[in-house]
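Novice: Pasting my_file-v6.tsv below, which is TSV, C-alpha atoms and all ligand atoms.
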```
chain	number	residue	atom	x	y	z
A	1	MET	CA	69.95	-61.02	127.95
A	2	SER	CA	70.58	-64.08	125.76
A	3	ALA	CA	73.68	-64.71	123.69
A	4	THR	CA	71.95	-63.83	120.45
A	5	ASP	CA	70.92	-60.42	121.87
A	6	ILE	CA	74.56	-59.53	122.44
A	7	VAL	CA	75.54	-60.14	118.83
A	8	PRO	CA	72.51	-60.26	116.55
A	9	GLN	CA	74.10	-62.26	113.72
A	10	ALA	CA	73.97	-66.04	113.96
A	11	VAL	CA	77.18	-66.25	111.92
A	12	VAL	CA	80.07	-63.79	112.24
A	13	ARG	CA	82.66	-63.71	109.46
A	14	ARG	CA	84.32	-60.33	109.79
A	15	GLY	CA	85.51	-60.04	113.37
A	16	PHE	CA	84.50	-57.65	116.13
A	17	GLY	CA	86.66	-54.61	115.39
A	18	LEU	CA	89.18	-55.57	118.09
A	19	LYS	CA	92.26	-56.08	115.91
A	20	ASP	CA	94.23	-53.38	117.69
A	21	GLN	CA	93.48	-54.94	121.06
A	22	ILE	CA	94.69	-58.44	120.15
A	23	ARG	CA	97.71	-57.44	118.04
A	24	ASP	CA	100.20	-57.62	120.94
A	25	SER	CA	99.03	-61.10	121.93
A	26	ILE	CA	99.41	-62.40	118.37
A	27	VAL	CA	102.87	-60.85	118.10
A	28	SER	CA	104.05	-62.28	121.41
A	29	ASP	CA	102.62	-65.74	120.67
A	30	TYR	CA	103.78	-66.23	117.09
A	31	HIS	CA	106.29	-63.65	115.82
A	32	SER	CA	110.08	-63.95	115.94
A	33	ASP	CA	112.63	-61.13	116.02
A	34	LEU	CA	115.27	-63.48	114.64
A	35	ILE	CA	113.15	-64.30	111.59
A	36	ARG	CA	112.35	-60.62	111.07
A	37	ARG	CA	116.10	-59.88	111.05
A	38	ILE	CA	116.84	-62.74	108.63
A	39	LYS	CA	114.17	-61.43	106.26
A	40	GLU	CA	115.69	-57.93	106.45
A	41	GLN	CA	119.08	-59.42	105.53
A	42	GLY	CA	117.82	-60.82	102.23
A	43	HIS	CA	116.49	-64.04	103.81
A	44	THR	CA	120.06	-65.14	104.64
A	45	LEU	CA	121.91	-65.63	107.93
A	46	GLY	CA	125.60	-66.56	108.20
A	47	MET	CA	126.70	-68.10	111.51
A	48	GLY	CA	130.25	-69.48	111.42
A	49	ARG	CA	130.33	-72.55	109.22
A	50	LEU	CA	126.54	-72.45	108.78
A	51	THR	CA	124.58	-70.37	106.31
A	52	PHE	CA	120.79	-70.37	106.53
A	53	ARG	CA	118.72	-69.53	103.45
A	54	LEU	CA	115.05	-68.86	104.03
A	55	ALA	CA	112.58	-69.39	101.19
A	56	GLN	CA	111.17	-66.11	99.86
A	57	GLU	CA	107.66	-67.20	100.85
A	58	PHE	CA	107.06	-69.37	103.89
A	59	GLY	CA	104.99	-69.57	107.06
A	60	PHE	CA	101.62	-68.02	107.91
A	61	CYS	CA	99.36	-67.34	104.93
A	62	TYR	CA	96.57	-64.76	104.78
A	63	GLY	CA	93.96	-67.42	105.61
A	64	VAL	CA	95.73	-68.51	108.78
A	65	GLU	CA	96.29	-64.92	109.91
A	66	PHE	CA	92.61	-64.19	109.34
A	67	ALA	CA	91.52	-67.29	111.31
A	68	LEU	CA	93.81	-66.52	114.25
A	69	ASN	CA	92.78	-62.87	114.41
A	70	LEU	CA	89.14	-63.92	114.48
A	71	ALA	CA	89.75	-66.53	117.20
A	72	TYR	CA	91.66	-64.03	119.38
A	73	GLU	CA	89.05	-61.33	118.81
A	74	THR	CA	86.28	-63.75	119.81
A	75	HIS	CA	88.16	-64.64	122.98
A	76	LYS	CA	88.64	-60.95	123.77
A	77	LYS	CA	85.02	-60.04	123.07
A	78	PHE	CA	83.48	-62.88	125.10
A	79	PRO	CA	85.78	-63.61	128.04
A	80	ASP	CA	82.97	-65.23	130.05
A	81	ARG	CA	81.36	-67.41	127.39
A	82	ARG	CA	82.18	-71.02	126.49
A	83	ILE	CA	84.05	-71.06	123.18
A	84	PHE	CA	84.53	-74.24	121.13
A	85	LEU	CA	86.35	-75.17	117.94
A	86	THR	CA	84.86	-77.86	115.70
A	87	ASN	CA	88.38	-79.04	114.93
A	88	GLU	CA	92.00	-77.89	114.96
A	89	ILE	CA	91.84	-74.27	113.76
A	90	ILE	CA	94.85	-74.98	111.52
A	91	HIS	CA	97.24	-77.91	111.43
A	92	ASN	CA	99.92	-76.71	113.78
A	93	PRO	CA	100.34	-78.13	117.29
A	94	ARG	CA	101.82	-74.91	118.76
A	95	VAL	CA	98.85	-72.84	117.62
A	96	ASN	CA	96.23	-75.34	118.76
A	97	ASN	CA	97.89	-75.74	122.17
A	98	ARG	CA	97.92	-71.98	122.61
A	99	LEU	CA	94.18	-71.71	121.88
A	100	HIS	CA	93.57	-74.55	124.32
A	101	GLU	CA	95.56	-72.69	127.00
A	102	MET	CA	93.36	-69.64	126.37
A	103	GLY	CA	90.35	-71.75	127.34
A	104	ILE	CA	89.02	-72.56	123.88
A	105	ASP	CA	87.76	-76.16	123.86
A	106	PHE	CA	88.08	-78.54	120.93
A	107	LEU	CA	85.01	-80.59	120.06
A	108	GLU	CA	85.53	-84.26	119.31
A	109	ALA	CA	87.30	-84.37	115.95
A	110	SER	CA	85.27	-87.20	114.43
A	111	SER	CA	82.49	-85.71	112.35
A	112	GLU	CA	81.04	-89.24	112.14
A	113	ASN	CA	79.82	-88.97	115.74
A	114	PRO	CA	76.26	-87.62	115.45
A	115	ALA	CA	76.33	-86.48	119.09
A	116	ARG	CA	79.47	-84.36	118.90
A	117	PHE	CA	77.49	-81.12	119.23
A	118	ALA	CA	75.01	-82.51	121.79
A	119	HIS	CA	76.25	-80.35	124.68
A	120	ILE	CA	76.39	-77.08	122.68
A	121	THR	CA	73.75	-74.57	123.80
A	122	ALA	CA	72.47	-71.25	122.44
A	123	ASP	CA	74.72	-69.42	124.91
A	124	ASP	CA	77.88	-70.95	123.45
A	125	ILE	CA	80.19	-69.76	120.71
A	126	VAL	CA	81.54	-72.15	118.10
A	127	LEU	CA	84.53	-71.33	115.91
A	128	ILE	CA	84.72	-72.90	112.45
A	129	PRO	CA	88.38	-73.55	111.45
A	130	ALA	CA	90.21	-72.07	108.47
A	131	PHE	CA	89.46	-75.12	106.31
A	132	GLY	CA	85.72	-74.84	106.98
A	133	ALA	CA	83.08	-77.35	108.03
A	134	PRO	CA	80.60	-79.53	106.14
A	135	VAL	CA	77.19	-78.12	105.24
A	136	ASP	CA	75.29	-80.33	107.71
A	137	GLU	CA	77.51	-79.22	110.62
A	138	PHE	CA	76.92	-75.54	109.80
A	139	LYS	CA	73.20	-76.16	109.74
A	140	GLU	CA	73.17	-78.09	113.02
A	141	LEU	CA	75.08	-75.30	114.77
A	142	LYS	CA	72.85	-72.58	113.34
A	143	ASP	CA	69.76	-74.52	114.42
A	144	LYS	CA	71.09	-74.61	117.96
A	145	GLY	CA	71.09	-70.81	117.98
A	146	CYS	CA	74.69	-70.53	119.18
A	147	LEU	CA	76.93	-67.82	117.80
A	148	VAL	CA	79.00	-69.29	114.96
A	149	VAL	CA	82.28	-67.49	114.23
A	150	ASP	CA	83.31	-68.66	110.81
A	151	THR	CA	87.06	-68.41	110.09
A	152	THR	CA	86.86	-70.37	106.81
A	153	CYS	CA	89.48	-69.00	104.41
A	154	GLY	CA	88.17	-67.10	101.38
A	155	SER	CA	90.23	-69.33	99.09
A	156	VAL	CA	88.43	-72.40	100.45
A	157	VAL	CA	85.06	-70.69	99.97
A	158	ALA	CA	86.03	-70.02	96.33
A	159	VAL	CA	86.41	-73.79	95.80
A	160	TRP	CA	83.06	-74.42	97.49
A	161	LYS	CA	81.38	-72.01	95.08
A	162	ARG	CA	82.96	-73.84	92.17
A	163	VAL	CA	81.76	-77.26	93.40
A	164	GLU	CA	78.27	-75.86	94.07
A	165	LYS	CA	78.16	-74.50	90.54
A	166	TYR	CA	79.13	-77.89	89.11
A	167	ALA	CA	76.34	-79.55	91.09
A	168	ARG	CA	73.81	-76.91	90.02
A	169	GLU	CA	74.72	-77.40	86.37
A	170	GLY	CA	74.65	-81.21	86.51
A	171	PHE	CA	78.40	-81.92	86.61
A	172	THR	CA	79.95	-84.43	89.01
A	173	ALA	CA	82.69	-82.68	90.99
A	174	ILE	CA	86.01	-84.54	90.73
A	175	ILE	CA	88.04	-83.25	93.67
A	176	HIS	CA	91.82	-83.76	93.78
A	177	GLY	CA	92.40	-84.06	97.52
A	178	LYS	CA	92.52	-86.26	100.60
A	179	PHE	CA	89.05	-87.51	101.44
A	180	ALA	CA	89.81	-87.58	105.19
A	181	HIS	CA	91.09	-83.99	105.24
A	182	GLU	CA	88.65	-81.56	106.87
A	183	GLU	CA	88.80	-79.13	103.95
A	184	THR	CA	87.98	-81.77	101.35
A	185	HIS	CA	85.23	-83.16	103.54
A	186	ALA	CA	83.68	-79.69	103.71
A	187	THR	CA	84.23	-79.07	100.00
A	188	SER	CA	82.62	-82.32	98.89
A	189	SER	CA	79.56	-81.58	101.05
A	190	GLN	CA	78.85	-78.52	98.88
A	191	ALA	CA	77.91	-80.82	95.99
A	192	LEU	CA	75.13	-82.34	98.08
A	193	LYS	CA	73.37	-79.00	98.56
A	194	TYR	CA	71.63	-79.65	95.24
A	195	GLU	CA	69.35	-82.54	94.46
A	196	GLY	CA	71.31	-84.99	92.34
A	197	GLY	CA	74.65	-83.35	93.20
A	198	LYS	CA	77.56	-85.82	93.05
A	199	TYR	CA	81.27	-85.89	93.84
A	200	LEU	CA	84.28	-88.20	93.61
A	201	ILE	CA	87.60	-87.53	95.36
A	202	VAL	CA	90.89	-88.70	93.79
A	203	LEU	CA	94.09	-88.60	95.80
A	204	ASN	CA	96.65	-88.79	93.02
A	205	GLN	CA	97.33	-89.59	89.38
A	206	GLU	CA	97.05	-93.34	89.97
A	207	GLU	CA	93.49	-92.96	91.27
A	208	ALA	CA	92.70	-90.43	88.54
A	209	GLN	CA	93.92	-92.91	85.92
A	210	TYR	CA	91.65	-95.61	87.33
A	211	VAL	CA	88.62	-93.34	86.98
A	212	CYS	CA	89.68	-92.08	83.53
A	213	ASP	CA	90.04	-95.68	82.31
A	214	TYR	CA	86.47	-96.29	83.48
A	215	ILE	CA	85.26	-93.22	81.60
A	216	VAL	CA	86.95	-94.38	78.38
A	217	ASN	CA	86.37	-98.14	78.53
A	218	GLY	CA	83.74	-98.78	81.19
A	219	GLY	CA	84.54	-101.57	83.63
A	220	ASP	CA	83.61	-103.13	86.92
A	221	LYS	CA	81.21	-100.66	88.52
A	222	GLU	CA	81.16	-102.41	91.90
A	223	ALA	CA	84.96	-102.48	92.04
A	224	LEU	CA	85.09	-98.71	91.40
A	225	LEU	CA	82.52	-98.04	94.10
A	226	ARG	CA	84.44	-100.25	96.55
A	227	LYS	CA	87.72	-98.49	95.77
A	228	PHE	CA	86.19	-95.04	96.34
A	229	GLU	CA	83.76	-96.13	99.05
A	230	LYS	CA	84.76	-93.31	101.41
A	231	ALA	CA	85.57	-90.86	98.65
A	232	CYS	CA	82.37	-90.47	96.66
A	233	SER	CA	78.80	-89.29	97.15
A	234	PRO	CA	76.55	-92.05	98.53
A	235	ASP	CA	74.51	-92.61	95.38
A	236	LEU	CA	77.18	-92.16	92.72
A	237	ASP	CA	76.44	-94.19	89.59
A	238	PRO	CA	79.71	-94.30	87.61
A	239	ASP	CA	77.90	-95.20	84.38
A	240	GLN	CA	75.71	-92.09	84.54
A	241	ASP	CA	77.63	-89.66	86.71
A	242	LEU	CA	81.02	-89.68	84.97
A	243	LYS	CA	79.63	-88.35	81.70
A	244	ARG	CA	79.89	-84.71	82.76
A	245	VAL	CA	82.69	-83.86	85.17
A	246	GLY	CA	84.07	-80.65	86.69
A	247	LEU	CA	87.51	-80.56	88.33
A	248	ALA	CA	88.40	-78.86	91.60
A	249	ASN	CA	91.06	-79.45	94.22
A	250	GLN	CA	91.92	-79.15	97.86
A	251	THR	CA	93.65	-75.77	98.02
A	252	THR	CA	96.92	-77.21	99.32
A	253	MET	CA	97.65	-79.98	96.81
A	254	LEU	CA	100.67	-79.99	94.51
A	255	SER	CA	99.55	-77.59	91.82
A	256	GLY	CA	101.38	-79.38	88.97
A	257	GLU	CA	99.70	-82.66	89.89
A	258	SER	CA	96.25	-81.03	90.01
A	259	LEU	CA	96.77	-79.59	86.53
A	260	GLU	CA	97.89	-82.97	85.19
A	261	ILE	CA	94.87	-84.69	86.73
A	262	ALA	CA	92.56	-82.12	85.13
A	263	GLU	CA	94.18	-82.80	81.77
A	264	MET	CA	93.76	-86.57	82.26
A	265	PHE	CA	90.01	-86.11	82.76
A	266	ARG	CA	89.71	-83.70	79.81
A	267	SER	CA	91.48	-86.22	77.61
A	268	ALA	CA	89.32	-89.13	78.88
A	269	ILE	CA	86.11	-87.21	78.08
A	270	GLU	CA	87.47	-86.37	74.65
A	271	ARG	CA	88.42	-89.99	73.90
A	272	ARG	CA	85.07	-91.31	75.07
A	273	TYR	CA	82.72	-88.69	73.62
A	274	GLY	CA	84.72	-86.86	70.94
A	275	SER	CA	86.35	-83.43	70.92
A	276	GLU	CA	83.15	-81.63	69.92
A	277	LEU	CA	81.50	-82.57	73.25
A	278	VAL	CA	84.42	-81.64	75.55
A	279	ALA	CA	83.13	-78.10	76.07
A	280	ASP	CA	79.74	-79.46	77.17
A	281	GLN	CA	80.97	-82.28	79.36
A	282	PHE	CA	84.15	-81.04	81.00
A	283	ARG	CA	84.83	-78.10	83.33
A	284	HIS	CA	88.03	-77.07	85.04
A	285	PHE	CA	89.08	-74.26	87.31
A	286	ASP	CA	92.44	-74.23	89.11
A	287	THR	CA	91.58	-73.89	92.81
A	288	ILE	CA	95.07	-74.09	94.35
A	289	CYS	CA	95.29	-71.00	96.58
A	290	THR	CA	97.91	-68.35	95.81
A	291	ALA	CA	99.59	-68.79	99.21
A	292	THR	CA	100.16	-72.50	98.53
A	293	GLN	CA	101.38	-71.74	95.02
A	294	ASP	CA	103.78	-69.04	96.25
A	295	ARG	CA	105.29	-71.37	98.88
A	296	GLN	CA	105.69	-74.21	96.37
A	297	ASP	CA	107.30	-71.86	93.83
A	298	ALA	CA	109.66	-70.46	96.48
A	299	VAL	CA	110.87	-73.88	97.64
A	300	ASN	CA	111.32	-74.99	94.04
A	301	LYS	CA	113.54	-71.95	93.50
A	302	LEU	CA	115.50	-72.37	96.73
A	303	VAL	CA	116.46	-76.00	96.06
A	304	GLN	CA	118.09	-74.92	92.78
A	305	GLU	CA	120.39	-72.53	94.65
A	306	ASN	CA	123.32	-74.57	95.95
A	307	ILE	CA	121.97	-75.58	99.30
A	308	ASP	CA	123.17	-78.75	101.03
A	309	LEU	CA	119.94	-79.75	102.76
A	310	MET	CA	116.43	-78.50	103.50
A	311	ILE	CA	114.54	-78.24	106.75
A	312	VAL	CA	110.77	-78.03	106.28
A	313	ILE	CA	108.90	-76.95	109.41
A	314	GLY	CA	105.24	-77.59	110.14
A	315	GLY	CA	102.63	-79.97	111.55
A	316	TYR	CA	102.89	-83.53	110.25
A	317	ASN	CA	99.16	-83.43	109.39
A	318	SER	CA	99.55	-80.16	107.46
A	319	SER	CA	98.86	-80.91	103.80
A	320	ASN	CA	100.69	-77.90	102.40
A	321	THR	CA	103.76	-78.59	104.57
A	322	THR	CA	104.01	-82.22	103.47
A	323	HIS	CA	103.88	-81.07	99.86
A	324	LEU	CA	106.76	-78.64	100.45
A	325	CYS	CA	108.70	-81.62	101.83
A	326	GLU	CA	107.84	-83.71	98.76
A	327	ILE	CA	109.08	-80.98	96.40
A	328	ALA	CA	112.35	-80.37	98.27
A	329	SER	CA	113.16	-84.05	98.78
A	330	GLN	CA	113.33	-84.56	95.02
A	331	HIS	CA	116.42	-82.33	94.97
A	332	VAL	CA	118.32	-82.40	98.29
A	333	PRO	CA	118.24	-84.30	101.61
A	334	THR	CA	115.12	-82.94	103.32
A	335	TYR	CA	113.93	-83.14	106.92
A	336	HIS	CA	110.31	-82.33	107.77
A	337	ILE	CA	110.19	-81.48	111.48
A	338	ASP	CA	107.33	-80.07	113.54
A	339	ASP	CA	109.38	-78.00	115.96
A	340	ALA	CA	112.87	-77.32	117.33
A	341	SER	CA	112.82	-80.31	119.68
A	342	CYS	CA	113.15	-82.55	116.61
A	343	VAL	CA	116.74	-81.35	116.25
A	344	VAL	CA	118.20	-83.73	118.82
A	345	SER	CA	121.84	-82.85	118.17
A	346	PRO	CA	124.08	-81.82	115.27
A	347	SER	CA	124.38	-85.53	114.47
A	348	ARG	CA	120.77	-86.67	115.06
A	349	ILE	CA	117.40	-85.40	113.85
A	350	ARG	CA	113.84	-86.70	114.30
A	351	HIS	CA	111.71	-86.08	111.22
A	352	LYS	CA	108.98	-87.35	108.94
A	353	PRO	CA	110.12	-88.43	105.48
A	354	ALA	CA	108.07	-87.45	102.42
A	355	GLY	CA	105.04	-89.63	101.71
A	356	GLU	CA	103.06	-91.59	104.24
A	357	ALA	CA	106.13	-92.71	106.20
A	358	PRO	CA	106.13	-92.45	110.00
A	359	GLU	CA	108.55	-90.26	111.97
A	360	VAL	CA	112.15	-91.59	112.03
A	361	PHE	CA	115.57	-90.64	113.42
A	362	THR	CA	118.41	-89.90	111.01
A	363	ASP	CA	122.06	-89.71	112.06
A	364	ARG	CA	124.78	-87.49	110.57
A	365	TRP	CA	122.15	-85.17	109.03
A	366	LEU	CA	124.34	-82.03	109.34
A	367	PRO	CA	127.51	-82.47	107.25
A	368	ASP	CA	130.94	-81.31	108.50
A	369	GLY	CA	132.49	-78.10	107.20
A	370	GLU	CA	130.68	-75.25	105.54
A	371	VAL	CA	126.99	-76.05	105.17
A	372	THR	CA	124.13	-74.13	103.60
A	373	VAL	CA	120.81	-75.03	105.19
A	374	GLY	CA	117.63	-74.18	103.27
A	375	LEU	CA	114.56	-73.44	105.37
A	376	THR	CA	110.87	-73.25	104.66
A	377	ALA	CA	107.68	-73.64	106.67
A	378	GLY	CA	104.07	-74.49	105.89
A	379	ALA	CA	101.28	-71.94	105.80
A	380	SER	CA	100.24	-72.88	109.34
A	381	THR	CA	103.69	-72.57	110.96
A	382	PRO	CA	104.37	-69.52	113.15
A	383	ASP	CA	107.61	-67.58	112.56
A	384	ARG	CA	108.36	-68.17	116.24
A	385	VAL	CA	108.75	-71.92	115.61
A	386	VAL	CA	111.01	-71.28	112.60
A	387	GLY	CA	113.14	-68.92	114.71
A	388	GLU	CA	113.44	-71.54	117.46
A	389	VAL	CA	114.67	-74.10	114.93
A	390	VAL	CA	117.39	-71.74	113.65
A	391	ASP	CA	118.37	-70.89	117.20
A	392	ARG	CA	118.62	-74.53	118.24
A	393	ILE	CA	120.69	-75.61	115.23
A	394	VAL	CA	123.11	-72.72	115.80
A	395	ASN	CA	123.43	-73.38	119.54
A	396	LEU	CA	123.95	-77.12	119.10
A	397	ALA	CA	126.48	-76.63	116.29
A	398	PHE	CA	128.54	-74.23	118.39
A	399	GLU	CA	128.46	-76.51	121.43
A	400	GLN	CA	130.19	-79.24	119.43
A	501	LIG	S1	96.73	-72.41	102.69
A	501	LIG	FE1	95.47	-71.19	101.25
A	501	LIG	S2	93.40	-71.98	101.50
A	501	LIG	FE2	94.57	-72.69	103.28
A	501	LIG	S3	94.20	-71.11	104.82
A	501	LIG	FE3	96.08	-70.52	103.75
A	501	LIG	S4	95.40	-69.12	102.12
A	501	LIG	FE4	93.61	-70.23	102.85
```
Would you encode the structure as structure tokens?
Specialist:
Amino acid sequence: MSATDIVPQAVVRRGFGLKDQIRDSIVSDYHSDLIRRIKEQGHTLGMGRLTFRLAQEFGFCYGVEFALNLAYETHKKFPDRRIFLTNEIIHNPRVNNRLHEMGIDFLEASSENPARFAHITADDIVLIPAFGAPVDEFKELKDKGCLVVDTTCGSVVAVWKRVEKYAREGFTAIIHGKFAHEETHATSSQALKYEGGKYLIVLNQEEAQYVCDYIVNGGDKEALLRKFEKACSPDLDPDQDLKRVGLANQTTMLSGESLEIAEMFRSAIERRYGSELVADQFRHFDTICTATQDRQDAVNKLVQENIDLMIVIGGYNSSNTTHLCEIASQHVPTYHIDDASCVVSPSRIRHKPAGEAPEVFTDRWLPDGEVTVGLTAGASTPDRVVGEVVDRIVNLAFEQ
């Protein structure tokens, strides 16, 4: 019997009905009794001179839970088959290490290597991560006849549909995101499904302003193409393709910034072509996911509430976690750490500052006396890791 006889679909998106059988494994790998108790106590824990305040929304989002359930179900269903992931399933080292321990192999991360799927056969199973995969990778895997288990989050698929629609209707997709991020790579590929489909990725308001200035005043076409060399469709012609633009964003960007960027493009189209043509030449749809929005809103609220410092927990390559750090660091001293080992002692912490900065050590991070520590975690951070951080801070503080 071949692999495709066992499960007739080439692509599975809904699991194998084994949720009950994998629940205990998920709980033991990722849940935390301490965090459950803190939540039950109104998201607050008092321990001597320390008070911990947990954001109202933090940690695993629905997309991550869905992806992990599907990965565990696949492992349960096919214990004897080779299972691969095209990339990290989510951006959290603890989770990826656990999947690796279970025997799930990670394919070479670089999607620029044309031979990265060369050793995949029809008997293999390939998991697509929560942030999806580019159109050409999906096709290559389907052509190989292997079973593809697609854990792409529904909120990411919603953005893909939006970008596809722009391409179908002759709009260039302007994507607020990081061109090297797997999700944005997959999202931009949707524009190329249609003949003549185009995209341009802007990282921030500075890059958006550069493009908007070009829309309004024209400029040096070659310089624009050089600046966005890795961030636009191969045959983008700025003089033709920036006349009709539709905005979308990586689901985990700062929502306020995405809205401002959309407004910058609307205004540029209006200035260049007149207000009567805006409806024909500009499209916008807010594609920040609700989980990202809820976590950003919760950290914004927490930093207004008399806390002395914030600890933000999550992978350093997790986009939504770095944005939580950016928000908090505008208000209080903030330390983005990826797990409990970063808390070296009550007087020393290893962390990654907001922005592109590398990891650093900071001394005297925990003030003397009564301290209120705010805590949040990115959408890919297990409660277990958050619980370990609380535990370690408490133990170290009481050893002093
Ligand atoms: S952060 Fe949003 S888009 Fe990403 S997996 Fe979670 S719910 Fe889905």
Novice: At a cut-off of 8 Å, using all atoms listed in the file, what residues contact stretch 53-66 of chain A? Leave out same-chain residues fewer than 3 positions from it and give the result as a PyMOL selection string.
Specialist: chain A and resi 38-39+43-45+69-70+90+130+151-155+291+294-295+298-299+302+372-383
Novice: Around (81.5, -81.5, 101.4) in the file's frame, which residues reach within 10 Å when counting all atoms listed in the file? Return as an mmCIF file with C-alpha atoms, keeping the file's coordinate frame?
Specialist:
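Listing of selection02.cif after writing:
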```
data_model
loop_
_atom_site.group_PDB
_atom_site.id
_atom_site.type_symbol
_atom_site.label_atom_id
_atom_site.label_comp_id
_atom_site.auth_asym_id
_atom_site.auth_seq_id
_atom_site.Cartn_x
_atom_site.Cartn_y
_atom_site.Cartn_z
ATOM 1 C CA GLY A 132 85.720 -74.840 106.980
ATOM 2 C CA ALA A 133 83.080 -77.350 108.030
ATOM 3 C CA PRO A 134 80.600 -79.530 106.140
ATOM 4 C CA VAL A 135 77.190 -78.120 105.240
ATOM 5 C CA ASP A 136 75.290 -80.330 107.710
ATOM 6 C CA TRP A 160 83.060 -74.420 97.490
ATOM 7 C CA VAL A 163 81.760 -77.260 93.400
ATOM 8 C CA GLU A 164 78.270 -75.860 94.070
ATOM 9 C CA PHE A 179 89.050 -87.510 101.440
ATOM 10 C CA GLU A 182 88.650 -81.560 106.870
ATOM 11 C CA GLU A 183 88.800 -79.130 103.950
ATOM 12 C CA THR A 184 87.980 -81.770 101.350
ATOM 13 C CA HIS A 185 85.230 -83.160 103.540
ATOM 14 C CA ALA A 186 83.680 -79.690 103.710
ATOM 15 C CA THR A 187 84.230 -79.070 100.000
ATOM 16 C CA SER A 188 82.620 -82.320 98.890
ATOM 17 C CA SER A 189 79.560 -81.580 101.050
ATOM 18 C CA GLN A 190 78.850 -78.520 98.880
ATOM 19 C CA ALA A 191 77.910 -80.820 95.990
ATOM 20 C CA LEU A 192 75.130 -82.340 98.080
ATOM 21 C CA LYS A 193 73.370 -79.000 98.560
ATOM 22 C CA TYR A 199 81.270 -85.890 93.840
ATOM 23 C CA SER A 233 78.800 -89.290 97.150
#
```
Novice: List the spatial neighbours of A:His331 as an NGL selection string - criterion: any atom at most 12 Å away, all atoms listed in the file, same-chain residues fewer than 3 positions off excluded.
Specialist: :A and (299-310 or 324-328 or 334 or 374)
Novice: Between atom CA of A:His31 and atom CA of A:Arg98, what is the spacing in Å?
Specialist: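 About the pair atom CA of A:Arg98 and atom CA of A:His31: they are 13.6 Å apart.
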Novice: Give me, as a tab-separated table, the closest atom pair and its distance (Å, one decimal) for every residue of stretch 75-175 of chain A within a cut-off of 12 Å of stretch 260-263 of chain A, counting only C-alpha atoms, rows sorted by chain and rising number.
Specialist:
```
residue	atom	partner	partner_atom	distance
A:Ala173	CA	A:Ala262	CA	11.5
A:Ile174	CA	A:Ala262	CA	9.0
A:Ile175	CA	A:Ala262	CA	9.7
```
Novice: Just checking: using all atoms listed in the file, which residue out of A:Leu147, A:Ala71, A:Ile120, A:Val95 ends up closest to A:Asp339?
Specialist: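 When distances to A:Asp339 are compared using all atoms listed in the file, the smallest one comes from A:Val95.
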Novice: Using Å and a single decimal, report how far atom CA of A:His100 sits from atom CA of A:Phe84.
Specialist: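 Distance between the two atoms: 9.6 Å.
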Novice: When you count all atoms listed in the file, which of these residues is closest to ligand LIG 501 (chain A): A:Thr292, A:Leu141, A:Glu257, A:Asp24?
Specialist: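 Residue with the minimum atom-to-atom distance to ligand LIG 501 (chain A): A:Thr292.
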Novice: If we count all atoms listed in the file, what is near A:Gly170 at a cut-off of 9 Å, once residues fewer than 4 positions away on the same chain are taken out, given as a list of chain:residue names?
Specialist: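 Skipping anything fewer than 4 positions along the chain leaves A:Lys165, A:Tyr166, A:Gly196, A:Gly197, A:Lys198, A:Asp241, A:Arg244, A:Val245.
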